[in-house]
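Novice: Let me give you the structure first, and then I'll get to my questions.
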Amino acid sequence: MPLSRTPHSTVLHLTSTLLTATVALYITLVAFGNITDFGTNQEFVRHVLAMDTTFKDDDVMWRAVTSHTWQDVVYVAIIVWETLAALVLLAGTYLWARRDDTRARSVSTLGLLMLMLLFGAGFVGVGGEWFSMWQSGDWNGLDAAMRVFVLSGIVLLVIHLPAGRRATDPATG
């Protein structure tokens, strides 16, 4: 016989739904902004990849990507990844709303990991370290990337909390 939902599991379900929806809304707006205002963040990506506002250390400047074509390919790939993550998280939100918790958790996990890879590995790792974005006073997105990475990680942890259903003690029936 299935166990009924406890107040804890109901609150956790609502929390998972709303937090997934919040991150879905955020990345949807980011992707929409990058599509409709292509040039603003295009300049950001170009400067980071060109490393033109870093310390100009000869030991790392060979990493710079100065081709506008390749810079734009990277930027479009970022937008596509953001858009896919938004769609996955919107689907996760829909599944949470439908109370399909198992599928919602799986789909939301995928979307949140997509964001953590983009903002953690992509922006913090590749942008921050490989392209030395941390050296730039003008084109440094590390704080913003860390905010999204941490937010996504917290939501990921919350959606994987135990549902709080109480097991029956076999000794007491």
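Chain labels A, B, ... are given in the sequence in which chains occur in the structure tokens; within each chain residues are numbered consecutively from 1, and ligands are likewise numbered from 1 in the order shown.
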Near range 14-19 of chain A, counting only C-alpha atoms, which residues have an atom at most 8 Å away, once you skip same-chain residues fewer than 2 positions from it, shown as a CSV table (one decimal) with C-alpha atoms, in the first residue's frame?

Specialist:
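result_32.csv, written as the output of this step:
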chain,number,residue,atom,x,y,z
A,10,THR,CA,4.4,18.1,0.5
A,11,VAL,CA,6.5,21.1,1.5
A,12,LEU,CA,9.6,19.5,-0.1
A,21,ALA,CA,10.8,27.1,-11.7
A,22,THR,CA,12.9,29.9,-10.5
A,23,VAL,CA,16.1,28.6,-12.1
A,93,THR,CA,8.9,22.3,-13.6
A,96,TRP,CA,6.9,18.8,-10.6
A,97,ALA,CA,3.6,20.5,-11.1
A,155,VAL,CA,18.5,23.5,-6.0
A,158,VAL,CA,17.1,20.3,-2.4
A,159,ILE,CA,15.4,18.2,-5.1

Novice: Can you measure CA of Gly111 in chain A to CA of Leu161 in chain A for me? One decimal in Å is fine.

Specialist: 17.3 Å

Novice: Just checking: using only C-alpha atoms, which residue out of A:Trp139, A:Val65, A:Ser9, A:Gly122 ends up closest to Asn41 in chain A?

Specialist: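 Closest to Asn41 in chain A, using only C-alpha atoms: A:Trp139.
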
Novice: Mind running range 3-109 of chain A against range 140-152 of chain A at 12 Å and telling me each contacting residue's nearest atom pair with the distance in Å (one decimal), counting only C-alpha atoms, chain and number ascending, as CSV?

Specialist:
residue,atom,partner,partner_atom,distance
A:Ser16,CA,A:Ser152,CA,11.9
A:Leu19,CA,A:Ser152,CA,9.2
A:Thr20,CA,A:Ser152,CA,8.9
A:Ala21,CA,A:Ser152,CA,11.5
A:Thr22,CA,A:Leu151,CA,10.0
A:Val23,CA,A:Ser152,CA,7.2
A:Ala24,CA,A:Ser152,CA,10.1
A:Tyr26,CA,A:Val148,CA,9.3
A:Ile27,CA,A:Val148,CA,9.3
A:Val30,CA,A:Val148,CA,11.2
A:Asn41,CA,A:Gly141,CA,10.7
A:Phe44,CA,A:Asn140,CA,8.6
A:Val45,CA,A:Gly141,CA,9.9
A:His47,CA,A:Asn140,CA,9.6
A:Val48,CA,A:Asn140,CA,7.8
A:Leu49,CA,A:Asn140,CA,11.5
A:Met51,CA,A:Asn140,CA,10.8
A:Asp52,CA,A:Asn140,CA,11.9
A:Thr53,CA,A:Asn140,CA,9.5
A:Thr54,CA,A:Asn140,CA,9.9
A:Ala85,CA,A:Ser152,CA,11.5
A:Leu89,CA,A:Ser152,CA,11.0
A:Ser108,CA,A:Ser152,CA,10.1
A:Thr109,CA,A:Ser152,CA,9.4

Novice: Counting only C-alpha atoms, give me one row per residue of range 42-106 of chain A with an atom at most 10 Å from an atom of range 35-38 of chain A, showing the shortest contact pair and its distance in Å to one decimal, sorted by chain then residue number, as a tab-separated table.

Specialist:
residue	atom	partner	partner_atom	distance
A:Gln42	CA	A:Phe38	CA	6.1
A:Glu43	CA	A:Phe38	CA	9.0
A:Tyr75	CA	A:Phe38	CA	9.2
A:Val76	CA	A:Ile35	CA	9.1
A:Ile79	CA	A:Ile35	CA	7.3
A:Val80	CA	A:Ile35	CA	9.5
A:Thr83	CA	A:Ile35	CA	9.5

Novice: Write out as a ChimeraX atom specification each polymer residue whose atoms come within 10 Å of Leu95 in chain A, counting only C-alpha atoms; drop sequence neighbours fewer than 2 positions from it.

Specialist: /A:17,89-93,97-108

Novice: With a distance cut-off of 10 Å and only C-alpha atoms, select the neighbouring residues of Met61 in chain A, excluding the residue or stretch itself and same-chain residues fewer than 2 positions from it, and output the selection as a list in words.

Specialist: Ala50, Met51, Asp52, Thr54, Phe55, Lys56, Asp57, Asp58, Asp59, Arg63, Ala64, Val65, Trp130, Phe131 and Ser132 of chain A

Novice: With all heavy atoms retained, export the selected residues as a tab-separated table (two decimals), in the first residue's frame.

Specialist:
chain	number	residue	atom	x	y	z
A	50	ALA	N	39.54	36.78	-26.59
A	50	ALA	CA	40.70	37.50	-27.14
A	50	ALA	C	41.73	37.82	-26.07
A	50	ALA	O	42.88	38.13	-26.40
A	50	ALA	CB	40.25	38.78	-27.84
A	51	MET	N	41.33	37.76	-24.81
A	51	MET	CA	42.22	38.05	-23.68
A	51	MET	C	42.83	39.45	-23.82
A	51	MET	O	43.96	39.69	-23.38
A	51	MET	CB	43.31	36.97	-23.56
A	51	MET	CG	42.76	35.58	-23.33
A	51	MET	SD	44.01	34.27	-23.37
A	51	MET	CE	44.98	34.67	-21.92
A	52	ASP	N	42.07	40.37	-24.39
A	52	ASP	CA	42.62	41.70	-24.68
A	52	ASP	C	42.60	42.66	-23.49
A	52	ASP	O	43.12	43.77	-23.58
A	52	ASP	CB	41.93	42.32	-25.89
A	52	ASP	CG	40.43	42.44	-25.73
A	52	ASP	OD1	39.89	42.06	-24.66
A	52	ASP	OD2	39.76	42.88	-26.69
A	54	THR	N	43.52	41.34	-20.32
A	54	THR	CA	44.26	40.62	-19.28
A	54	THR	C	45.65	41.24	-19.14
A	54	THR	O	45.97	42.24	-19.79
A	54	THR	CB	44.36	39.13	-19.61
A	54	THR	OG1	45.11	38.97	-20.82
A	54	THR	CG2	42.98	38.50	-19.77
A	55	PHE	N	46.49	40.60	-18.34
A	55	PHE	CA	47.82	41.14	-18.05
A	55	PHE	C	48.79	41.02	-19.22
A	55	PHE	O	49.92	41.46	-19.13
A	55	PHE	CB	48.42	40.44	-16.84
A	55	PHE	CG	47.64	40.60	-15.56
A	55	PHE	CD1	47.88	39.77	-14.49
A	55	PHE	CD2	46.67	41.59	-15.41
A	55	PHE	CE1	47.17	39.89	-13.31
A	55	PHE	CE2	45.96	41.73	-14.24
A	55	PHE	CZ	46.20	40.87	-13.19
A	56	LYS	N	48.40	40.40	-20.30
A	56	LYS	CA	49.23	40.25	-21.51
A	56	LYS	C	50.52	39.47	-21.24
A	56	LYS	O	51.57	39.76	-21.80
A	56	LYS	CB	49.58	41.61	-22.13
A	56	LYS	CG	48.40	42.49	-22.45
A	56	LYS	CD	47.74	42.06	-23.73
A	56	LYS	CE	46.76	43.08	-24.25
A	56	LYS	NZ	45.48	43.05	-23.67
A	57	ASP	N	50.43	38.48	-20.40
A	57	ASP	CA	51.57	37.61	-20.09
A	57	ASP	C	51.85	36.72	-21.29
A	57	ASP	O	50.99	35.95	-21.72
A	57	ASP	CB	51.23	36.77	-18.86
A	57	ASP	CG	52.35	35.87	-18.40
A	57	ASP	OD1	53.32	35.68	-19.15
A	57	ASP	OD2	52.24	35.35	-17.28
A	58	ASP	N	53.05	36.80	-21.83
A	58	ASP	CA	53.42	36.02	-23.02
A	58	ASP	C	53.28	34.52	-22.81
A	58	ASP	O	53.08	33.77	-23.77
A	58	ASP	CB	54.85	36.34	-23.45
A	58	ASP	CG	54.99	37.74	-24.03
A	58	ASP	OD1	53.96	38.30	-24.49
A	58	ASP	OD2	56.11	38.29	-24.02
A	59	ASP	N	53.36	34.09	-21.56
A	59	ASP	CA	53.25	32.65	-21.28
A	59	ASP	C	51.83	32.12	-21.46
A	59	ASP	O	51.64	30.91	-21.58
A	59	ASP	CB	53.72	32.35	-19.85
A	59	ASP	CG	55.22	32.57	-19.68
A	59	ASP	OD1	55.96	32.43	-20.68
A	59	ASP	OD2	55.63	32.89	-18.55
A	63	ARG	N	46.98	31.39	-25.81
A	63	ARG	CA	45.64	30.79	-25.67
A	63	ARG	C	44.54	31.64	-26.31
A	63	ARG	O	43.45	31.16	-26.56
A	63	ARG	CB	45.30	30.62	-24.20
A	63	ARG	CG	46.26	29.75	-23.44
A	63	ARG	CD	45.90	29.77	-21.97
A	63	ARG	NE	46.88	29.08	-21.16
A	63	ARG	CZ	46.88	29.09	-19.84
A	63	ARG	NH1	45.96	29.78	-19.18
A	63	ARG	NH2	47.81	28.44	-19.18
A	64	ALA	N	44.81	32.90	-26.55
A	64	ALA	CA	43.79	33.83	-27.04
A	64	ALA	C	43.20	33.36	-28.37
A	64	ALA	O	43.91	32.87	-29.25
A	64	ALA	CB	44.39	35.22	-27.19
A	65	VAL	N	41.89	33.53	-28.48
A	65	VAL	CA	41.17	33.25	-29.72
A	65	VAL	C	40.75	34.60	-30.28
A	65	VAL	O	39.88	35.27	-29.72
A	65	VAL	CB	39.94	32.35	-29.48
A	65	VAL	CG1	39.13	32.17	-30.76
A	65	VAL	CG2	40.36	31.02	-28.89
A	130	TRP	N	41.53	29.36	-18.08
A	130	TRP	CA	42.22	29.18	-19.36
A	130	TRP	C	42.40	30.52	-20.08
A	130	TRP	O	43.47	30.83	-20.58
A	130	TRP	CB	41.47	28.19	-20.24
A	130	TRP	CG	42.21	27.89	-21.51
A	130	TRP	CD1	41.93	28.38	-22.75
A	130	TRP	CD2	43.37	27.06	-21.66
A	130	TRP	NE1	42.83	27.90	-23.68
A	130	TRP	CE2	43.73	27.08	-23.03
A	130	TRP	CE3	44.14	26.31	-20.78
A	130	TRP	CZ2	44.81	26.38	-23.53
A	130	TRP	CZ3	45.21	25.60	-21.29
A	130	TRP	CH2	45.54	25.65	-22.64
A	131	PHE	N	41.33	31.31	-20.12
A	131	PHE	CA	41.40	32.61	-20.80
A	131	PHE	C	41.67	33.77	-19.83
A	131	PHE	O	41.55	34.93	-20.20
A	131	PHE	CB	40.14	32.86	-21.62
A	131	PHE	CG	40.05	31.96	-22.82
A	131	PHE	CD1	39.15	30.90	-22.83
A	131	PHE	CD2	40.86	32.14	-23.92
A	131	PHE	CE1	39.07	30.05	-23.93
A	131	PHE	CE2	40.80	31.29	-25.02
A	131	PHE	CZ	39.90	30.24	-25.02
A	132	SER	N	42.01	33.45	-18.60
A	132	SER	CA	42.43	34.43	-17.58
A	132	SER	C	41.42	35.57	-17.38
A	132	SER	O	41.80	36.71	-17.13
A	132	SER	CB	43.81	35.01	-17.93
A	132	SER	OG	44.77	34.00	-18.02

Novice: What are the DSSP alpha helix (DSSP H) residues of chain A, as number ranges by chain?

Specialist: A: 7-36, 38-50, 68-97, 101-116, 142-159

Novice: What does the structure give for the distance between CA of Pro7 in chain A and CA of Leu113 in chain A, in Å to one decimal?

Specialist: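 Computed distance, CA of Pro7 in chain A to CA of Leu113 in chain A, equals 28.4 Å.
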
Novice: Nearest to Leu87 in chain A among A:Val73, A:Val60, A:Ala121, A:Leu112, with distances taken over only C-alpha atoms: which residue is it?

Specialist: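 Residue with the minimum atom-to-atom distance to Leu87 in chain A: A:Leu112.
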
Novice: What separation in Å, quoted to one decimal, exists between CA of Glu82 in chain A and CA of Ala31 in chain A?

Specialist: 5.6 Å
